[in-house]
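J.: Structure incoming, see below.
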Amino acid sequence: MELVDRIIISEEDIQRRVRELGAAISQDYAGKTITLLCVLKGGLMFLCDLAKHITVPVAYDFMSVSSYGDATESSGVVRIVKDLEESIEGKHVLIVEDIIDTGLTLSYLVNNLHSRNPASLRICTLLNKPSNRRVDIPIDYVGFEVPNEFLVGYGLDFKQLYRNIPFIFVPRKEFIQEA
Ligand code: PRP
């Protein structure tokens, strides 16, 4: 069955915006080294593309903070599935997310990471869904503002699948019902 109902952001538009974000980040962090903190799993594709367009030295670290599981709406319960491997004390940390929706995940993460004394802590998200926000989060870099719809692709999953699709789309209702 056909999976895609509507394409919301094309591959070309994503890649163009990722290049712009990389350039802005490179300028803002000139002379510094960045630790890119990838929030698994959704942030992985974005981090890989973004990192190619950052010209200052970068290190990666990975964290998995799950609030959704296989559900399509946030439960509000945040759980650390995998913690960072390195200390971030004194480091310039840039959190890389695929989407900020209710803000509950990031709110938890930011509080947790601040207590580890980084030199700076900023947030870069490809997608921002402000209409669904439940806690206020200052976001430093946003790729696109998106409507309050269930989105899949470019890191975003439906039942853990389709994260690899290079564009962002709304899946067909019939497909979701039958899956
Ligand atoms: C998604 C996304 C964010 C979070 C955003 O992660 O990657 O981390 O939800 O939602 P919020 O703003 O409402 O908290 P998810 O828990 O689905 O895990 P995943 O990245 O493995 O898909």
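Residues in the structure tokens are named by chain (A, B, ... in the order shown) and by number from 1 within that chain; ligands are numbered from 1 in the order shown.
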Which chains and residue numbers are within 9 Å of ligand 1, counting only C-alpha atoms and all ligand atoms, if I want them as a ChimeraX atom specification?

T.: /A:39-44,64-76,78,97-108,128-129,132-135,155-160,163

J.: Mind checking which residues fall within 12 Å of Cys48 (chain A), counting only C-alpha atoms, ignoring those fewer than 5 positions away in the same chain, and posting them as a list in words?

T.: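 Once the adjacent positions are removed, what remains is Gln15, Val18, Arg19, Gly22, Leu36, Leu37, Cys38, Gly42, Gly43, His53, Ile54, Val58, Ala59, Tyr60, Val96, Glu97, Asp98, Tyr154 and Gly155 of chain A.
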
J.: How would the residues just chosen look if you wrote them out with C-alpha atoms as a compact mmCIF listing (two decimals), in the first residue's frame?

T.:
```txt
# COMPACT_ATOMS: atom_id res chain seq x y z
CA GLN A 15 19.53 19.64 2.31
CA VAL A 18 20.92 21.89 6.60
CA ARG A 19 23.68 23.65 4.65
CA GLY A 22 25.82 24.37 9.21
CA LEU A 36 27.46 17.55 18.85
CA LEU A 37 25.11 15.66 21.13
CA CYS A 38 22.94 13.46 19.02
CA GLY A 42 15.63 10.51 15.44
CA GLY A 43 18.54 12.96 15.42
CA HIS A 53 28.60 21.52 6.78
CA ILE A 54 30.25 22.56 10.04
CA VAL A 58 33.43 18.66 16.10
CA ALA A 59 33.20 15.67 18.40
CA TYR A 60 30.11 13.46 18.61
CA VAL A 96 20.95 17.94 17.75
CA GLU A 97 17.30 16.87 17.57
CA ASP A 98 15.02 15.88 14.74
CA TYR A 154 14.42 11.87 7.73
CA GLY A 155 14.83 10.47 11.26
```

J.: What does the distance between CA of Lys32 (chain A) and CA of Glu86 (chain A) come to in Å, to one decimal place?

T.: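 For CA of Lys32 (chain A) relative to CA of Glu86 (chain A), the distance reads 17.9 Å.
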
J.: Using only C-alpha atoms, which of A:Ser87, A:Ile139, A:Phe169, A:Met63 sits nearest Leu109 (chain A)?

T.: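 Nearest to Leu109 (chain A): A:Met63.
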
J.: Point out the residue among A:Val170, A:Ile14, A:Leu94, A:Ile34 with the least atom-to-atom distance to Asp140 (chain A), counting only C-alpha atoms.

T.: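 Among the listed residues, the smallest separation from Asp140 (chain A) belongs to A:Leu94.
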